[in-house]
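Colleague: The structure under discussion is supplied below as structure tokens; questions concerning it will follow.
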Amino acid sequence: MVEKLKKYVWFVDRCSECGACVSTCAKNILKFTNGSGHPIQETIEKNIGLTHIIADTCFFCEKPCEDSCPRLKDWDLGPTIQKTLVTTELPDGNVVNALIVSSLRRKLIDGAILWDIDSDSFRPVPRIVVDEEYVLKSRGYQHLWYPILAVLNDAIYKERLKKIAVVGPPCVVQAVRSILTSTNSKLKMYRDSIRLIIGFFCDGAYTQQLVDEIVDRFDVKPYEINTISVDLRNKLMRIVLQNVLVKGIKMSEVRKYMKKGCAHCTDFAAEWADISTGKIDFEGTLVITRTPVGQKCLEYALMEKMLRVLQVTVGMDELQKLILDKERRKRVQEIDTILSSILNSLAAREYNEEIVKMLKSLRR
Ligand code: SF4
Ligand code: SF4
């Protein structure tokens, strides 16, 4: 059984639904079901004589699912090489697409897992892209959730990609970084195939109920929505419609549609990506290179003239504030830990003292 995932992630609503465990499960028994907020483990049940047995399907498994889960590790702030403010001439100003196109042209990667939107339903869909024509068609991340890493096996085994770029928010970045730094032999294929992690800044991702709210509130059809963006400085969600009208909703009014797992997430700036990117209140987009491969990715984008530098170093006060705001969610994690310990104490009294200590520490 996947005890750690159940106890420390699923039962305490910490799952980000990144999909890493589903892809890496050696026995293909983890699946997503609608609305549970986390994957579930399929069980094999059989009758032997008069006895009904639930087989432990994870017996003898190296548990790559647990080694790839971002929620089973503590994450500090990551490395930074350079912070650059950039802009792109691409029609929708999509800096991630610019990075992917130039990395493909320079053969840093041979494909990428990207976020896109189904135009009719405005539902998020994953895209495995291998050429720039398809990258440029992608409408990018729209703050709506899809367990993007669940398509990792398709990229490796069906598309036979060997130098994959994965694009995602910090939880996805942490999952991929967990895979790349693990020594679990069942994760080797993934380690050998992933070349680049592009992260974007994230304050939280939303369920499809957000689209239902937009449709009701503004009396529009899903296909009339062009983009959803988040203005963190003014705490406003901006919805651009196909007819170029812009609608706004206060973020406090749509928080209820944020995924449960996001309440427990403390990484804003994709600290463990090779290259992180996002808009705050700057005119352009901030790009933070964090590893040599991330630095190369930025250099290629500048050489290919996909990106243009606006300013080499930028004032980071606003970014710092958003990083700290999100770090405060660590308090929620402390409560999770207590919850797990209370569950333990129901089984064994020796945990009681530990709980008292934790409750005291919460009063800090
Ligand atoms: S956070 Fe990702 S890896 Fe962890 S349980 Fe949830 S879906 Fe699986
Ligand atoms: S806040 Fe963003 S990074 Fe964190 S779990 Fe939610 S989607 Fe993932």
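Identifiers in the structure tokens: chain A, B, ... in order shown; residue index from 1 per chain; ligand index from 1 in order shown.
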Might you pull out every residue within 9 Å of Met237 in chain A, with only C-alpha atoms counted and same-chain residues fewer than 2 positions away left off, and present them as a ChimeraX atom specification?

Modeller: /A:228-232,234-235,239,247-251,254

Colleague: Pull N, CA and C atoms from the residues just selected and write them as a CSV table (one decimal), in the first residue's frame.

Modeller:
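Just written: out-v7.csv:
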```csv
chain,number,residue,atom,x,y,z
A,228,ILE,N,-7.6,33.9,-19.2
A,228,ILE,CA,-7.8,34.3,-17.8
A,228,ILE,C,-6.4,34.6,-17.2
A,229,SER,N,-6.3,35.8,-16.6
A,229,SER,CA,-5.0,36.1,-16.0
A,229,SER,C,-5.2,36.7,-14.6
A,230,VAL,N,-4.1,36.7,-13.9
A,230,VAL,CA,-4.2,37.1,-12.5
A,230,VAL,C,-3.3,38.3,-12.2
A,231,ASP,N,-3.9,39.4,-11.7
A,231,ASP,CA,-3.2,40.6,-11.3
A,231,ASP,C,-2.9,40.5,-9.8
A,232,LEU,N,-1.8,40.0,-9.4
A,232,LEU,CA,-1.5,39.8,-8.0
A,232,LEU,C,-1.4,41.1,-7.2
A,234,ASN,N,-3.1,43.9,-7.6
A,234,ASN,CA,-4.4,44.4,-7.4
A,234,ASN,C,-5.4,43.4,-6.9
A,235,LYS,N,-4.9,42.1,-6.7
A,235,LYS,CA,-5.8,41.0,-6.3
A,235,LYS,C,-7.0,40.9,-7.1
A,239,ILE,N,-10.5,38.6,-17.0
A,239,ILE,CA,-11.0,37.7,-18.0
A,239,ILE,C,-11.1,38.5,-19.3
A,247,LYS,N,-13.2,41.7,-18.4
A,247,LYS,CA,-14.0,41.6,-17.2
A,247,LYS,C,-13.1,41.4,-16.0
A,248,GLY,N,-13.4,41.8,-14.9
A,248,GLY,CA,-12.6,41.6,-13.7
A,248,GLY,C,-13.4,41.0,-12.5
A,249,ILE,N,-12.8,40.1,-11.8
A,249,ILE,CA,-13.4,39.6,-10.6
A,249,ILE,C,-12.4,39.7,-9.4
A,250,LYS,N,-12.8,40.1,-8.3
A,250,LYS,CA,-11.9,40.2,-7.1
A,250,LYS,C,-11.5,38.8,-6.8
A,251,MET,N,-10.2,38.6,-6.5
A,251,MET,CA,-9.7,37.2,-6.2
A,251,MET,C,-10.4,36.6,-5.0
A,254,VAL,N,-13.3,34.5,-5.8
A,254,VAL,CA,-13.1,33.2,-6.5
A,254,VAL,C,-12.2,32.2,-5.8
```

Colleague: Check every protein, DNA and RNA residue against ligand 2, keep those with an atom at most 7 Å away (counting only C-alpha atoms and all ligand atoms), and present them as a ChimeraX atom specification.

Modeller: /A:16,169-172,202-205,259,261-263,265-268

Colleague: Could you list, as a PyMOL selection string, all the residues within 8 Å of ligand 1, counting only C-alpha atoms and all ligand atoms?

Modeller: chain A and resi 5-6+9-10+14-22+38-39+65-66+68-72+147+171-172+175

Colleague: Which residues in range 53-199 of chain A does DSSP call helix (DSSP H, G or I)? List them as a VMD selection string.

Modeller: chain A and resid 64 to 68 70 to 72 95 to 105 132 to 137 148 to 158 170 to 181 185 to 193

Colleague: Residues near Ile81 in chain A, anyone? I mean within 10 Å using only C-alpha atoms, not counting same-chain ones fewer than 6 positions away, as a ChimeraX atom specification.

Modeller: /A:274-275,288-292,294-295

Colleague: Keeping C-alpha atoms for every residue in the selection just given, could you write it to a file as a compact mmCIF listing (two decimals), in the first residue's frame?

Modeller:
```
# COMPACT_ATOMS: atom_id res chain seq x y z
CA ASP A 274 15.87 25.44 -14.29
CA ILE A 275 14.23 28.68 -15.31
CA ILE A 288 14.91 33.86 -13.22
CA THR A 289 17.59 31.44 -14.33
CA ARG A 290 18.46 28.95 -11.62
CA THR A 291 20.72 26.30 -13.19
CA PRO A 292 23.25 26.21 -16.07
CA GLY A 294 18.18 27.28 -17.49
CA GLN A 295 20.82 29.90 -18.30
```

Colleague: So, counting only C-alpha atoms, which residue among A:Ser138, A:Asn47, A:Thr80, A:Asn153 is closest to Asn28 in chain A?

Modeller: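 Closest to Asn28 in chain A of all the choices is A:Asn153.
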
Colleague: From a backbone DSSP assignment, name each residue in range 184-337 of chain A labelled strand (DSSP E or B), as an mmCIF file with C-alpha atoms, in the first residue's frame.

Modeller:
```
data_model
loop_
_atom_site.group_PDB
_atom_site.id
_atom_site.type_symbol
_atom_site.label_atom_id
_atom_site.label_comp_id
_atom_site.auth_asym_id
_atom_site.auth_seq_id
_atom_site.Cartn_x
_atom_site.Cartn_y
_atom_site.Cartn_z
ATOM 1 C CA ILE A 194 13.826 15.063 -18.958
ATOM 2 C CA ARG A 195 16.229 17.832 -19.918
ATOM 3 C CA LEU A 196 14.629 21.120 -18.875
ATOM 4 C CA ILE A 197 12.123 22.352 -16.272
ATOM 5 C CA ILE A 198 10.404 25.658 -16.961
ATOM 6 C CA GLY A 199 8.393 26.882 -13.975
ATOM 7 C CA PHE A 200 5.918 29.716 -13.705
ATOM 8 C CA TYR A 206 -8.478 26.729 -9.964
ATOM 9 C CA ILE A 225 -13.367 33.352 -23.168
ATOM 10 C CA ASN A 226 -9.966 34.213 -24.582
ATOM 11 C CA THR A 227 -7.670 34.290 -21.538
ATOM 12 C CA ILE A 228 -7.769 34.299 -17.753
ATOM 13 C CA SER A 229 -4.961 36.143 -16.027
ATOM 14 C CA VAL A 230 -4.182 37.078 -12.452
ATOM 15 C CA ASP A 231 -3.157 40.561 -11.340
ATOM 16 C CA LEU A 236 -7.865 40.827 -9.385
ATOM 17 C CA MET A 237 -8.620 38.099 -11.896
ATOM 18 C CA ARG A 238 -8.894 39.464 -15.450
ATOM 19 C CA ILE A 239 -10.961 37.681 -18.049
ATOM 20 C CA VAL A 240 -10.389 38.750 -21.635
ATOM 21 C CA LEU A 241 -13.224 37.783 -23.972
ATOM 22 C CA VAL A 246 -12.089 42.736 -20.323
ATOM 23 C CA LYS A 247 -13.980 41.636 -17.199
ATOM 24 C CA GLY A 248 -12.612 41.604 -13.665
ATOM 25 C CA ILE A 249 -13.403 39.560 -10.570
ATOM 26 C CA LYS A 250 -11.913 40.177 -7.127
ATOM 27 C CA MET A 258 -8.996 27.162 -5.782
ATOM 28 C CA ILE A 275 14.233 28.678 -15.312
ATOM 29 C CA SER A 276 11.237 30.386 -13.670
ATOM 30 C CA THR A 277 9.080 33.037 -15.206
ATOM 31 C CA GLY A 278 6.064 35.188 -14.437
ATOM 32 C CA THR A 285 7.996 39.331 -17.757
ATOM 33 C CA LEU A 286 10.523 38.378 -15.128
ATOM 34 C CA VAL A 287 12.777 35.424 -15.956
ATOM 35 C CA ILE A 288 14.907 33.860 -13.216
ATOM 36 C CA THR A 289 17.595 31.443 -14.334
ATOM 37 C CA LEU A 307 13.053 37.442 -26.291
ATOM 38 C CA ARG A 308 14.341 40.967 -25.793
ATOM 39 C CA VAL A 309 15.880 42.213 -22.533
ATOM 40 C CA LEU A 310 14.142 45.221 -21.004
ATOM 41 C CA GLN A 311 16.381 45.591 -18.006
#
```

Colleague: Report as a PyMOL selection string all protein, DNA and RNA residues lying within 9 Å of Asp116 in chain A, evaluated on only C-alpha atoms, omitting residues in the same chain fewer than 2 positions from it.

Modeller: chain A and resi 114+118+123-127+137-142

Colleague: Suppose we keep C-alpha atoms; can you now write the selection as a tab-separated table (two decimals), in the first residue's frame?

Modeller:
```tsv
chain	number	residue	atom	x	y	z
A	114	LEU	CA	2.78	22.23	-22.46
A	118	ASP	CA	-9.81	23.33	-25.44
A	123	ARG	CA	-11.00	23.21	-20.28
A	124	PRO	CA	-7.24	22.82	-19.75
A	125	VAL	CA	-5.56	20.16	-21.88
A	126	PRO	CA	-1.96	18.93	-21.99
A	127	ARG	CA	-0.02	19.05	-25.27
A	137	LYS	CA	-0.69	27.43	-31.29
A	138	SER	CA	-0.70	26.64	-27.58
A	139	ARG	CA	-2.73	29.14	-25.53
A	140	GLY	CA	-0.69	28.49	-22.42
A	141	TYR	CA	-1.62	28.10	-18.77
A	142	GLN	CA	-4.92	29.77	-17.82
```
